[in-house]
file query_28.txt (compact mmCIF, C-alpha atoms and all ligand atoms)
# COMPACT_ATOMS: atom_id res chain seq x y z
CA MET C 10 6.05 61.47 -5.62
CA SER C 11 8.24 64.10 -4.12
CA GLU C 12 11.97 64.00 -4.79
CA ILE C 13 14.39 63.39 -1.90
CA LEU C 14 16.54 66.49 -1.50
CA ALA C 15 20.33 66.11 -1.40
CA GLN C 16 20.65 67.73 2.01
CA LEU C 17 22.02 66.73 5.37
CA MET C 18 22.26 68.32 8.79
CA LEU C 19 25.74 69.41 9.97
CA ASP C 20 25.99 70.75 13.52
CA GLY C 21 22.32 71.71 13.35
CA HIS C 22 22.53 73.47 9.98
CA LYS C 23 21.09 72.22 6.73
CA ILE C 24 23.70 71.88 3.96
CA ALA C 25 23.18 70.77 0.38
CA PHE C 26 25.54 68.29 -1.26
CA GLU C 27 26.16 66.83 -4.69
CA PRO C 28 25.51 63.08 -4.90
CA GLY C 29 28.83 61.23 -4.65
CA GLN C 30 30.49 63.76 -2.34
CA THR C 31 31.84 62.65 1.00
CA ILE C 32 30.67 64.42 4.15
CA LEU C 33 34.04 66.24 4.27
CA GLN C 34 33.74 67.41 0.65
CA ALA C 35 30.16 68.53 1.18
CA ALA C 36 31.09 70.43 4.35
CA LEU C 37 34.04 72.23 2.73
CA ALA C 38 31.93 73.13 -0.31
CA ALA C 39 29.32 74.56 2.06
CA GLY C 40 32.02 76.63 3.80
CA VAL C 41 32.23 74.54 6.96
CA TYR C 42 35.64 73.26 8.03
CA ILE C 43 36.03 69.77 9.50
CA PRO C 44 39.60 69.15 10.78
CA HIS C 45 41.43 66.64 8.58
CA LEU C 46 45.03 65.67 7.87
CA CYS C 47 45.34 62.61 5.59
CA ALA C 48 42.56 63.74 3.25
CA HIS C 49 43.46 65.80 0.18
CA PRO C 50 40.99 66.99 -2.46
CA GLU C 51 43.01 65.48 -5.31
CA PHE C 52 43.36 62.00 -3.84
CA GLU C 53 41.24 59.02 -2.92
CA PRO C 54 40.40 59.18 0.78
CA HIS C 55 42.68 57.19 3.04
CA GLY C 56 40.80 57.32 6.34
CA SER C 57 43.84 56.75 8.54
CA CYS C 58 44.42 59.81 10.73
CA LYS C 59 40.88 59.88 12.18
CA LEU C 60 41.08 63.61 12.78
CA CYS C 61 37.95 64.09 10.67
CA THR C 62 35.91 61.80 12.93
CA VAL C 63 32.31 62.99 13.17
CA VAL C 64 29.19 61.50 14.69
CA VAL C 65 26.68 60.45 12.00
CA ASN C 66 23.25 59.55 13.34
CA GLY C 67 24.81 58.57 16.66
CA ARG C 68 27.75 56.57 15.29
CA ASN C 69 31.38 57.63 14.88
CA GLY C 70 32.86 57.66 11.40
CA SER C 71 35.42 59.39 9.18
CA ALA C 72 33.96 62.37 7.34
CA CYS C 73 36.53 61.88 4.56
CA THR C 74 35.29 58.38 3.67
CA ILE C 75 31.54 58.39 4.42
CA LYS C 76 29.39 59.44 1.48
CA ALA C 77 26.94 62.26 2.14
CA MET C 78 23.35 60.97 2.24
CA PRO C 79 19.97 62.57 2.78
CA GLY C 80 18.75 62.13 6.34
CA GLN C 81 22.19 62.21 7.95
CA ASP C 82 22.47 64.16 11.18
CA VAL C 83 26.19 64.96 11.50
CA LEU C 84 27.95 66.40 14.55
CA SER C 85 31.50 67.76 14.14
CA ASP C 86 32.31 70.88 16.12
CA THR C 87 31.51 69.53 19.59
CA PRO C 88 33.73 69.81 22.68
CA GLU C 89 33.93 66.02 22.93
CA LEU C 90 35.06 65.48 19.32
CA ASN C 91 37.53 68.37 19.50
CA LEU C 92 38.99 66.93 22.70
CA ARG C 93 39.54 63.60 20.95
CA ARG C 94 41.06 65.34 17.94
CA ARG C 95 43.46 67.10 20.28
CA THR C 96 44.43 63.75 21.79
CA LEU C 97 45.13 62.35 18.32
CA LEU C 98 47.38 65.33 17.60
CA GLN C 99 49.18 64.85 20.91
CA MET C 100 49.90 61.24 19.99
CA LEU C 101 51.27 62.31 16.58
CA PHE C 102 53.55 64.87 18.24
CA ALA C 103 54.74 62.47 20.96
CA GLU C 104 55.56 59.59 18.61
CA GLY C 105 57.74 61.64 16.23
CA ASN C 106 60.43 64.26 16.77
CA HIS C 107 58.77 67.60 16.20
CA PHE C 108 61.13 70.40 17.11
CA CYS C 109 59.18 73.20 15.43
CA PRO C 110 61.66 76.05 16.10
CA GLY C 111 64.23 74.17 13.98
CA CYS C 112 61.89 72.99 11.23
CA GLU C 113 61.73 74.64 7.81
CA LYS C 114 58.04 73.79 7.55
CA SER C 115 57.15 75.76 10.67
CA GLY C 116 54.41 78.28 9.91
CA ASN C 117 53.38 76.35 6.79
CA CYS C 118 52.76 73.00 8.48
CA GLN C 119 49.31 71.44 8.69
CA LEU C 120 50.05 69.42 11.81
CA GLN C 121 51.24 72.53 13.64
CA ALA C 122 48.35 74.65 12.33
CA LEU C 123 45.84 72.06 13.55
CA ALA C 124 47.53 72.07 16.96
CA TYR C 125 47.12 75.86 17.07
CA ASP C 126 43.52 75.65 15.97
CA LEU C 127 42.66 73.00 18.57
CA GLU C 128 44.71 74.77 21.28
CA MET C 129 47.09 71.91 21.95
CA PHE C 130 49.34 73.31 24.67
CA ASP C 131 51.57 70.25 25.04
CA PRO C 132 52.06 66.70 23.76
CA HIS C 133 50.67 65.40 27.09
CA PHE C 134 52.10 61.90 26.58
CA ALA C 135 55.68 60.88 27.36
CA GLN C 136 57.79 61.60 24.28
CA PHE C 137 59.01 58.55 22.33
CA PHE C 138 62.10 60.36 20.97
CA PRO C 139 62.45 57.68 18.28
CA ALA C 140 65.69 57.35 16.31
CA ARG C 141 64.49 58.02 12.78
CA GLU C 142 66.36 58.40 9.51
CA ALA C 143 67.11 61.53 7.55
CA ASP C 144 68.28 61.40 3.93
CA GLY C 145 70.04 64.26 2.15
CA THR C 146 71.21 62.34 -0.93
CA HIS C 147 68.81 63.90 -3.42
CA PRO C 148 69.95 67.16 -5.04
CA GLU C 149 66.48 68.76 -4.86
CA ALA C 150 64.85 67.39 -1.74
CA PHE C 151 65.61 66.53 1.84
CA LEU C 152 63.85 63.71 3.65
CA ASP C 153 63.46 63.90 7.41
CA PHE C 154 61.36 61.05 8.73
CA ASN C 155 61.54 62.46 12.27
CA ARG C 156 58.51 64.50 11.21
CA CYS C 157 56.64 61.94 9.11
CA ILE C 158 53.07 61.25 10.24
CA MET C 159 52.53 58.27 7.87
CA CYS C 160 49.63 59.88 6.04
CA GLU C 161 50.75 58.15 2.83
CA LEU C 162 50.02 61.23 0.73
CA CYS C 163 53.47 60.91 -0.87
CA VAL C 164 52.76 57.20 -1.50
CA ARG C 165 49.43 57.97 -3.15
CA ALA C 166 50.86 60.86 -5.17
CA SER C 167 53.86 58.92 -6.44
CA ARG C 168 51.76 55.88 -7.33
CA ASP C 169 48.57 57.46 -8.67
CA VAL C 170 49.75 60.74 -10.20
CA ASP C 171 53.47 60.43 -10.97
CA GLY C 172 53.27 56.71 -11.83
CA LYS C 173 56.64 56.17 -10.15
CA ASN C 174 56.00 54.30 -6.90
CA VAL C 175 58.92 56.00 -5.15
CA PHE C 176 57.47 55.73 -1.63
CA ALA C 177 55.84 52.93 0.34
CA LEU C 178 54.91 52.26 3.92
CA ALA C 179 56.78 49.40 5.61
CA GLY C 180 56.89 47.80 9.06
CA ARG C 181 54.16 47.47 11.66
CA GLY C 182 52.99 49.34 14.75
CA ARG C 183 55.71 51.49 16.26
CA ASP C 184 58.12 50.41 13.52
CA THR C 185 55.93 51.65 10.67
CA HIS C 186 57.96 53.91 8.41
CA ILE C 187 58.24 55.19 4.86
CA ILE C 188 60.75 53.47 2.59
CA VAL C 189 62.18 54.67 -0.72
CA ASN C 190 62.10 52.53 -3.84
CA SER C 191 65.72 52.56 -5.09
CA PRO C 192 68.64 50.10 -5.09
CA SER C 193 70.28 51.76 -2.07
CA GLY C 194 67.03 52.83 -0.39
CA LYS C 195 68.24 56.43 -0.73
CA LEU C 196 66.19 59.13 -2.41
CA GLY C 197 69.18 60.23 -4.51
CA ASP C 198 69.15 56.86 -6.32
CA SER C 199 65.42 56.95 -7.04
CA THR C 200 63.48 58.47 -9.95
CA PHE C 201 62.02 61.13 -7.63
CA SER C 202 61.96 64.78 -8.71
CA ILE C 203 60.84 67.70 -6.53
CA HIS C 204 58.44 68.68 -9.35
CA ASP C 205 56.57 65.38 -8.90
CA LYS C 206 53.24 65.55 -7.17
CA ALA C 207 54.89 63.52 -4.39
CA GLY C 208 57.31 66.40 -3.87
CA GLN C 209 54.47 68.82 -3.21
CA VAL C 210 51.96 67.05 -0.97
CA CYS C 211 53.67 66.35 2.34
CA PRO C 212 51.54 68.17 4.94
CA VAL C 213 54.46 68.33 7.38
CA GLY C 214 58.22 68.91 7.13
CA ALA C 215 59.21 65.35 6.15
CA ILE C 216 59.76 66.00 2.41
CA LEU C 217 61.36 69.41 2.03
CA PRO C 218 62.59 71.18 -1.12
CA LYS C 219 66.25 72.16 -0.84
CA GLU C 220 67.62 75.70 -1.07
CA VAL C 221 64.36 77.45 -0.20
CA GLY C 222 64.27 76.95 3.57
CA PHE C 223 62.85 79.86 5.56
CA VAL C 224 62.25 81.95 2.39
CA ARG C 225 58.99 83.24 3.82
CA PRO C 226 59.84 85.29 6.88
CA ILE C 227 57.92 84.93 10.14
CA GLY C 228 54.76 86.97 9.79
CA GLU C 229 54.28 86.06 6.11
CA ARG C 230 53.89 82.32 6.39
CA LEU C 231 50.74 80.44 5.43
CA TYR C 232 49.35 80.03 8.93
CA ASP C 233 50.81 83.10 10.62
CA HIS C 234 47.54 85.03 10.39
CA ASP C 235 45.03 82.64 8.85
CA THR C 236 43.86 79.54 10.68
CA ILE C 237 43.95 76.15 9.01
CA ALA C 238 40.18 76.39 8.61
CA GLU C 239 40.42 79.63 6.62
CA VAL C 240 43.26 78.31 4.44
CA ALA C 241 41.57 74.95 3.80
CA LEU C 242 38.26 76.55 2.77
CA ARG C 243 40.10 78.93 0.44
CA GLU C 244 42.16 76.15 -1.15
CA ASP C 245 39.12 73.92 -1.53
CA ALA C 246 37.19 76.68 -3.33
CA THR C 247 40.13 77.29 -5.70
CA TRP C 248 40.42 73.58 -6.37
CA ARG C 249 36.69 73.16 -7.15
CA GLU C 250 36.90 76.19 -9.44
CA GLY C 251 39.71 74.48 -11.36
CA GLU C 252 37.74 71.22 -11.62
CA LYS C 253 34.83 72.93 -13.42
CA MET A 17 20.88 97.97 56.15
CA ASN A 18 24.31 96.53 56.80
CA ALA A 19 27.33 98.60 55.92
CA PRO A 20 28.90 97.30 52.69
CA PHE A 21 31.76 94.89 53.20
CA PRO A 22 35.05 96.79 52.88
CA PRO A 23 36.90 95.75 49.71
CA ARG A 24 39.64 93.27 50.39
CA ALA A 25 43.12 94.68 50.03
CA LYS A 26 44.89 93.27 46.98
CA LYS A 27 47.20 90.50 48.08
CA ARG A 28 50.72 90.60 46.83
CA LEU A 29 51.69 87.46 44.96
CA LYS A 30 55.01 85.70 45.21
CA ILE A 31 56.59 84.46 41.99
CA ALA A 32 59.69 82.32 41.48
CA THR A 33 61.37 81.59 38.16
CA ALA A 34 64.14 79.23 37.07
CA THR A 35 66.02 78.15 33.97
CA LEU A 36 66.89 74.47 33.72
CA GLY A 37 68.35 73.32 30.38
CA GLY A 38 67.33 76.44 28.47
CA CYS A 39 68.92 79.42 26.74
CA PHE A 40 67.39 82.17 28.97
CA GLY A 41 65.34 83.22 25.92
CA CYS A 42 62.11 82.84 27.88
CA HIS A 43 63.50 85.03 30.67
CA MET A 44 64.49 87.58 28.03
CA SER A 45 60.87 87.55 26.89
CA LEU A 46 59.81 88.24 30.49
CA LEU A 47 62.08 91.29 30.52
CA ASP A 48 60.74 92.18 27.07
CA MET A 49 57.44 93.06 28.74
CA ASP A 50 59.24 96.36 29.56
CA GLU A 51 57.13 98.85 31.54
CA ARG A 52 54.35 96.32 31.85
CA PHE A 53 56.80 94.17 33.77
CA LEU A 54 57.49 96.99 36.20
CA GLU A 55 53.77 97.62 36.58
CA ARG A 56 53.27 93.93 37.33
CA ALA A 57 56.23 94.03 39.69
CA LYS A 58 54.23 96.41 41.92
CA LEU A 59 51.77 93.59 42.56
CA VAL A 60 54.22 90.74 42.91
CA ASP A 61 57.36 89.89 44.83
CA PHE A 62 60.05 87.75 43.32
CA ASP A 63 61.46 84.79 45.20
CA ARG A 64 64.17 82.60 43.69
CA SER A 65 64.90 83.80 40.17
CA PRO A 66 67.86 84.76 37.99
CA LEU A 67 66.46 88.29 38.44
CA THR A 68 66.95 88.27 42.23
CA ASP A 69 69.80 85.83 42.69
CA ILE A 70 67.99 84.20 45.65
CA LYS A 71 69.35 80.65 45.74
CA HIS A 72 66.43 78.62 47.10
CA CYS A 73 62.73 78.80 46.52
CA GLY A 74 60.38 79.44 49.46
CA PRO A 75 56.59 79.15 49.46
CA CYS A 76 55.29 80.86 46.30
CA ASP A 77 52.04 81.42 44.44
CA ILE A 78 53.42 80.96 40.95
CA GLY A 79 56.54 79.20 39.67
CA LEU A 80 57.73 79.65 36.11
CA ILE A 81 60.09 77.06 34.67
CA GLU A 82 62.10 77.56 31.50
CA GLY A 83 64.16 74.77 29.97
CA ALA A 84 64.24 70.99 29.85
CA VAL A 85 65.50 68.51 32.45
CA CYS A 86 69.04 67.59 31.33
CA ASN A 87 71.00 66.80 34.49
CA ALA A 88 70.64 65.84 38.17
CA GLU A 89 70.66 69.44 39.38
CA ASN A 90 67.74 70.29 37.07
CA VAL A 91 65.75 67.52 38.79
CA HIS A 92 66.50 68.97 42.26
CA VAL A 93 65.52 72.50 41.24
CA LEU A 94 62.33 71.31 39.56
CA ARG A 95 61.30 69.25 42.60
CA GLU A 96 62.02 72.19 44.90
CA PHE A 97 59.77 74.38 42.75
CA ARG A 98 56.97 71.80 42.70
CA ALA A 99 57.16 71.47 46.49
CA HIS A 100 56.93 75.23 47.05
CA CYS A 101 54.81 76.68 44.22
CA ARG A 102 51.04 76.46 44.35
CA THR A 103 50.87 76.86 40.58
CA LEU A 104 53.70 75.63 38.40
CA VAL A 105 53.92 76.80 34.78
CA ALA A 106 56.06 75.32 31.99
CA VAL A 107 57.32 78.21 29.88
CA GLY A 108 58.55 77.61 26.34
CA ALA A 109 59.33 74.72 24.01
CA CYS A 110 62.18 73.14 26.02
CA ALA A 111 60.11 72.89 29.22
CA ILE A 112 57.09 71.60 27.32
CA ASN A 113 58.58 68.97 24.99
CA GLY A 114 62.34 68.97 25.53
CA GLY A 115 63.02 71.45 22.72
CA LEU A 116 66.57 71.96 21.52
CA PRO A 117 68.39 70.09 24.35
CA ALA A 118 66.28 67.00 23.59
CA GLN A 119 67.72 66.82 20.08
CA ARG A 120 70.49 64.72 21.63
CA ASN A 121 68.02 62.04 22.71
CA PRO A 122 68.32 59.67 19.74
CA LEU A 123 72.15 59.74 20.17
CA ASP A 124 74.31 57.84 22.64
CA LEU A 125 75.31 60.09 25.56
CA GLY A 126 78.80 58.60 26.04
CA GLY A 127 79.62 58.92 22.34
CA LEU A 128 78.38 62.49 22.41
CA MET A 129 80.51 63.46 25.43
CA ARG A 130 83.61 61.87 23.89
CA LYS A 131 82.95 63.69 20.61
CA VAL A 132 82.65 67.06 22.36
CA TYR A 133 85.43 66.74 24.95
CA CYS A 134 87.90 64.06 23.75
CA ASP A 135 88.05 64.21 19.96
CA ARG A 136 90.29 67.24 20.11
CA VAL A 137 93.89 67.92 19.29
CA ASP A 138 95.17 68.73 22.78
CA GLU A 139 96.36 65.67 24.67
CA THR A 140 94.78 66.41 28.04
CA ALA A 141 91.31 66.21 26.56
CA GLN A 142 88.92 64.31 28.85
CA ILE A 143 85.27 64.36 29.87
CA PRO A 144 85.02 66.85 32.80
CA ASP A 145 84.53 64.91 36.05
CA ASP A 146 84.76 67.55 38.78
CA PRO A 147 82.51 66.40 41.67
CA GLU A 148 80.88 69.87 41.63
CA LEU A 149 79.44 69.17 38.19
CA PRO A 150 75.93 67.68 38.11
CA LEU A 151 75.63 64.34 36.33
CA MET A 152 73.99 64.31 32.91
CA LEU A 153 70.77 62.31 32.57
CA ASP A 154 70.52 59.48 30.02
CA LYS A 155 67.92 61.49 28.10
CA VAL A 156 66.57 65.02 28.20
CA TYR A 157 63.03 65.16 29.62
CA PRO A 158 60.16 67.63 29.28
CA ILE A 159 59.37 68.88 32.79
CA HIS A 160 55.88 67.31 32.89
CA GLU A 161 57.55 63.90 32.75
CA ILE A 162 59.25 64.61 36.12
CA VAL A 163 56.67 66.61 38.14
CA ARG A 164 53.02 67.64 37.79
CA ILE A 165 52.55 70.85 35.80
CA ASP A 166 49.51 73.14 36.07
CA TYR A 167 49.84 75.31 32.97
CA LEU A 168 51.98 75.61 29.86
CA ILE A 169 52.90 78.61 27.71
CA PRO A 170 54.08 77.45 24.26
CA GLY A 171 56.60 79.35 22.12
CA CYS A 172 60.34 79.44 21.47
CA PRO A 173 60.36 81.76 23.28
CA PRO A 174 56.77 82.80 23.98
CA SER A 175 56.45 86.47 22.99
CA ALA A 176 56.28 89.15 25.67
CA ASP A 177 52.63 89.67 24.69
CA ALA A 178 51.86 85.98 25.13
CA LEU A 179 53.53 85.95 28.57
CA TRP A 180 51.73 89.13 29.55
CA LYS A 181 48.32 87.77 28.53
CA PHE A 182 48.90 84.42 30.20
CA LEU A 183 50.28 85.80 33.47
CA THR A 184 47.64 88.53 33.68
CA ASP A 185 44.89 85.91 33.29
CA LEU A 186 46.55 83.77 35.94
CA ILE A 187 47.18 86.56 38.45
CA GLU A 188 43.65 87.91 38.07
CA GLY A 189 42.11 84.50 38.56
CA ARG A 190 40.96 83.65 35.02
CA THR A 191 41.68 80.46 33.09
CA PRO A 192 44.66 81.49 30.93
CA ARG A 193 44.09 81.49 27.16
CA LEU A 194 46.10 82.66 24.18
CA ASP A 195 44.56 84.05 21.02
CA TYR A 196 45.58 82.69 17.60
CA ALA A 197 48.32 85.25 16.98
CA HIS A 198 50.09 84.36 20.23
CA PHE A 199 49.68 80.59 20.12
CA ARG A 200 53.02 79.61 18.57
CA PHE A 201 55.42 76.68 18.73
CA ASP A 202 58.33 78.69 17.29
S1 LIG C 301 56.67 69.09 10.74
FE1 LIG C 301 55.28 70.67 11.57
S2 LIG C 301 54.84 69.99 13.66
FE2 LIG C 301 56.65 68.85 12.97
S3 LIG C 301 58.43 70.06 13.64
FE3 LIG C 301 57.93 70.75 11.55
S4 LIG C 301 56.57 72.52 11.87
FE4 LIG C 301 56.61 71.38 13.79
S1 LIG C 302 56.60 61.79 4.16
FE1 LIG C 302 55.00 63.36 4.39
S2 LIG C 302 53.47 62.79 2.82
FE2 LIG C 302 54.76 61.00 3.12
S3 LIG C 302 53.70 59.77 4.69
FE3 LIG C 302 55.21 61.07 5.76
S4 LIG C 302 54.03 62.87 6.35
FE4 LIG C 302 52.83 61.85 4.77
S1 LIG C 303 41.17 63.08 7.17
FE1 LIG C 303 39.69 61.52 7.48
S2 LIG C 303 40.82 59.99 8.50
FE2 LIG C 303 42.36 61.47 7.99

call {"tool": "encode", "arguments": {"input": "query_28.txt", "output": "structure tokens", "more": "lines below"}}
Ligand code: SF4
Ligand code: SF4
Ligand code: FES
result
Amino acid sequence: MSEILAQLMLDGHKIAFEPGQTILQAALAAGVYIPHLCAHPEFEPHGSCKLCTVVVNGRNGSACTIKAMPGQDVLSDTPELNLRRRTLLQMLFAEGNHFCPGCEKSGNCQLQALAYDLEMFDPHFAQFFPAREADGTHPEAFLDFNRCIMCELCVRASRDVDGKNVFALAGRGRDTHIIVNSPSGKLGDSTFSIHDKAGQVCPVGAILPKEVGFVRPIGERLYDHDTIAEVALREDATWREGEK
Amino acid sequence: MNAPFPPRAKKRLKIATATLGGCFGCHMSLLDMDERFLERAKLVDFDRSPLTDIKHCGPCDIGLIEGAVCNAENVHVLREFRAHCRTLVAVGACAINGGLPAQRNPLDLGGLMRKVYCDRVDETAQIPDDPELPLMLDKVYPIHEIVRIDYLIPGCPPSADALWKFLTDLIEGRTPRLDYAHFRFD
């Protein structure tokens, strides 16, 4: 009997995968970028932002949660999917307060870099301009929930890596927000340290280290020359190298 | 054989520009195009613009709007531009998403005005109420929330190169696009 090869089709190209990989992991390992925001190589997939949505054998699904299987025919880089991804980004921008020119994360921000990559000219929707909290009580970090996209990476990092449970998601719908686990609800009263994994993973400018704002001048920032696809493929390769 | 059709003379285009609630940074970027701006100026005429000091906008091919909608006068100017410009372009962060002026939106307008004008040492302090002054709006709005917009040029401000590329595409009849290096939100 012949063995079934661990291969799938991605945008018309055959790619090999290792059993157990998700479609996103297999694609990145093969050097093909699929836009994603809430997925991170070091964490369990979350499947919430839907930016990685692909069509697998005619049905929509999240590339970061679906396991790669032989016989899958996956479509990702299509005008229709990219249009929907752009719409998802526009909703994220419109429901928060993203004033990039005044944000320390600008140039190093994944949300912004994705918007560049997908040519998002404007937020399209009417802006919510929500009144969100900012918290400067911690000596090492600044929290600005105006920019939070509720990806729960900080929640996962604090719970699964740091073992501290500093962050959690609370509320529903429009009122969903991140809360801090401390008697006063302030970060300064929590066990958080900027050296925690939770201090390093925020893809946007919601958890910012203090005293290092704007250290990298314009022109030398992460996404000034390289697209998010180039950076993600590079980082994924480094990470897999370290895993071996 | 028929004689070839004589080439059509290049039509001059009419452009109008305005700053609503903005810092004139986007207009500075326009001027930053330097000689290219002068070269372009041979093909276009300027209608209402801070560069000409014409006070009202007539029929135009292209209107460029910098800044967000902060007060009643901004609304009038924007509507005048929409009524007269065949193509209306939002230039820069403030026009596109409210930008810096919109940072007041989560705050109460009355409280803000009192803080700025009344919480001072001199005793005559009061919120200016001269009838000449346009009324502030409750919130600051991106211009696409007030009128229909045809194109947008992101950036704070967009670089002279980005403006040049975008306007050249537009004037020469192509769909405007920006390459990665010039697609910026800051
Ligand atoms: S978090 Fe990113 S998208 Fe939001 S304001 Fe900062 S740089 Fe812009
Ligand atoms: S603070 Fe950052 S990491 Fe945490 S949920 Fe918000 S965007 Fe994600
Ligand atoms: S990256 Fe897959 S849903 Fe967010």

call {"tool": "closest_atom_pairs", "arguments": {"input": "query_28.txt", "of": "chain A", "to": "chain C", "cutoff": "9 Å", "atoms": "only C-alpha atoms", "output": "CSV"}}
result
residue,atom,partner,partner_atom,distance
A:Ala109,CA,C:Phe108,CA,8.3
A:Ile112,CA,C:Asp131,CA,6.1
A:Asn113,CA,C:Pro132,CA,7.0
A:Gly114,CA,C:Phe108,CA,8.6
A:Gly115,CA,C:Phe108,CA,6.0
A:Leu116,CA,C:Phe108,CA,7.2
A:Ala118,CA,C:Phe138,CA,8.3
A:Gln119,CA,C:Phe108,CA,8.1
A:Asn121,CA,C:Phe138,CA,6.4
A:Pro122,CA,C:Ala140,CA,4.9
A:Leu123,CA,C:Ala140,CA,7.9
A:Tyr157,CA,C:Gln136,CA,8.3
A:Pro158,CA,C:Gln136,CA,8.2
A:His160,CA,C:His133,CA,8.0
A:Glu161,CA,C:Ala135,CA,6.5
A:Tyr167,CA,C:Phe130,CA,8.6
A:Leu168,CA,C:Phe130,CA,6.3
A:Ile169,CA,C:Phe130,CA,7.1
A:Pro170,CA,C:Phe130,CA,6.3
A:Gly171,CA,C:Pro110,CA,8.5
A:Cys172,CA,C:Pro110,CA,6.5
A:Arg193,CA,C:Glu128,CA,9.0
A:Leu194,CA,C:Glu128,CA,8.5
A:Tyr196,CA,C:Tyr125,CA,7.0
A:Ala197,CA,C:His234,CA,6.6
A:Phe199,CA,C:Tyr125,CA,6.2
A:Arg200,CA,C:Tyr125,CA,7.2
A:Phe201,CA,C:Cys109,CA,6.1
A:Asp202,CA,C:Pro110,CA,4.4

call {"tool": "closest_residue", "arguments": {"input": "query_28.txt", "among": "A:Leu186, A:Leu125, A:Cys86, A:Ala141", "to": "Ile159 of chain A", "atoms": "all atoms listed in the file"}}
result
A:Cys86

call {"tool": "closest_residue", "arguments": {"input": "query_28.txt", "among": "C:Val170, C:Cys163, C:Ile188, C:Ile75", "to": "Leu33 of chain C", "atoms": "all atoms listed in the file"}}
result
C:Ile75

call {"tool": "atom_distance", "arguments": {"input": "query_28.txt", "atom1": "atom CA of Leu242 of chain C", "atom2": "atom CA of Ala38 of chain C"}}
result
7.8 Å

call {"tool": "residues_near_point", "arguments": {"input": "query_28.txt", "point": "(58.9, 71.5, 42.3)", "cutoff": "10 Å", "atoms": "all atoms listed in the file", "output": "list of chain:residue names"}}
result
A:Cys73, A:Gly79, A:Ile81, A:Val91, A:His92, A:Val93, A:Leu94, A:Arg95, A:Glu96, A:Phe97, A:Arg98, A:Ala99, A:His100, A:Cys101, A:Arg102, A:Thr103, A:Leu104, A:Ile159, A:Ile162, A:Val163, A:Arg164, A:Ile165

call {"tool": "atom_distance", "arguments": {"input": "query_28.txt", "atom1": "atom CA of Leu151 of chain A", "atom2": "atom CA of Cys134 of chain A"}}
result
17.6 Å

call {"tool": "atom_distance", "arguments": {"input": "query_28.txt", "atom1": "atom FE4 of ligand LIG 301 (chain C)", "atom2": "atom CA of Gly222 of chain C"}}
result
13.9 Å

call {"tool": "axis_aligned_box", "arguments": {"input": "query_28.txt", "around": "ligand LIG 303 (chain C)", "padding_each_side": "3 Å", "output": "AutoDock Vina command-line options"}}
result
--center_x 41.0 --center_y 61.5 --center_z 7.8 --size_x 8.7 --size_y 9.1 --size_z 7.3

call {"tool": "residues_near_ligand", "arguments": {"input": "query_28.txt", "ligand": "ligand LIG 302 (chain C)", "cutoff": "7 Å", "atoms": "all atoms listed in the file", "output": "list in words"}}
result
Phe154, Arg156, Cys157, Ile158, Met159, Cys160, Glu161, Leu162, Cys163, Val164, Ile187, Val210, Cys211, Pro212, Val213, Gly214, Ala215 and Ile216 of chain C

call {"tool": "decode", "arguments": {"input": "query_28.txt", "residues": "segment 78-85 of chain A", "atoms": "N, CA, C and O atoms", "output": "mmCIF file, in the first residue's frame"}}
result
data_model
loop_
_atom_site.group_PDB
_atom_site.id
_atom_site.type_symbol
_atom_site.label_atom_id
_atom_site.label_comp_id
_atom_site.auth_asym_id
_atom_site.auth_seq_id
_atom_site.Cartn_x
_atom_site.Cartn_y
_atom_site.Cartn_z
ATOM 1 N N ILE A 78 -10.402 68.802 -8.945
ATOM 2 C CA ILE A 78 -9.919 68.077 -7.772
ATOM 3 C C ILE A 78 -9.946 68.992 -6.547
ATOM 4 O O ILE A 78 -9.509 70.135 -6.613
ATOM 5 N N GLY A 79 -10.480 68.490 -5.440
ATOM 6 C CA GLY A 79 -10.437 69.210 -4.170
ATOM 7 C C GLY A 79 -9.622 68.402 -3.179
ATOM 8 O O GLY A 79 -9.808 67.192 -3.071
ATOM 9 N N LEU A 80 -8.706 69.075 -2.506
ATOM 10 C CA LEU A 80 -7.904 68.400 -1.480
ATOM 11 C C LEU A 80 -8.271 68.970 -0.124
ATOM 12 O O LEU A 80 -8.234 70.178 0.077
ATOM 13 N N ILE A 81 -8.637 68.102 0.811
ATOM 14 C CA ILE A 81 -9.022 68.571 2.141
ATOM 15 C C ILE A 81 -8.050 68.055 3.181
ATOM 16 O O ILE A 81 -7.835 66.852 3.309
ATOM 17 N N GLU A 82 -7.473 68.970 3.922
ATOM 18 C CA GLU A 82 -6.647 68.625 5.080
ATOM 19 C C GLU A 82 -7.458 68.927 6.338
ATOM 20 O O GLU A 82 -8.205 69.891 6.364
ATOM 21 N N GLY A 83 -7.284 68.115 7.376
ATOM 22 C CA GLY A 83 -7.883 68.443 8.665
ATOM 23 C C GLY A 83 -9.230 67.790 8.915
ATOM 24 O O GLY A 83 -9.922 67.358 7.995
ATOM 25 N N ALA A 84 -9.600 67.753 10.196
ATOM 26 C CA ALA A 84 -10.846 67.125 10.618
ATOM 27 C C ALA A 84 -11.947 68.173 10.744
ATOM 28 O O ALA A 84 -11.692 69.372 10.690
ATOM 29 N N VAL A 85 -13.187 67.710 10.904
ATOM 30 C CA VAL A 85 -14.326 68.614 11.032
ATOM 31 C C VAL A 85 -14.561 68.888 12.520
ATOM 32 O O VAL A 85 -15.019 68.022 13.254
#
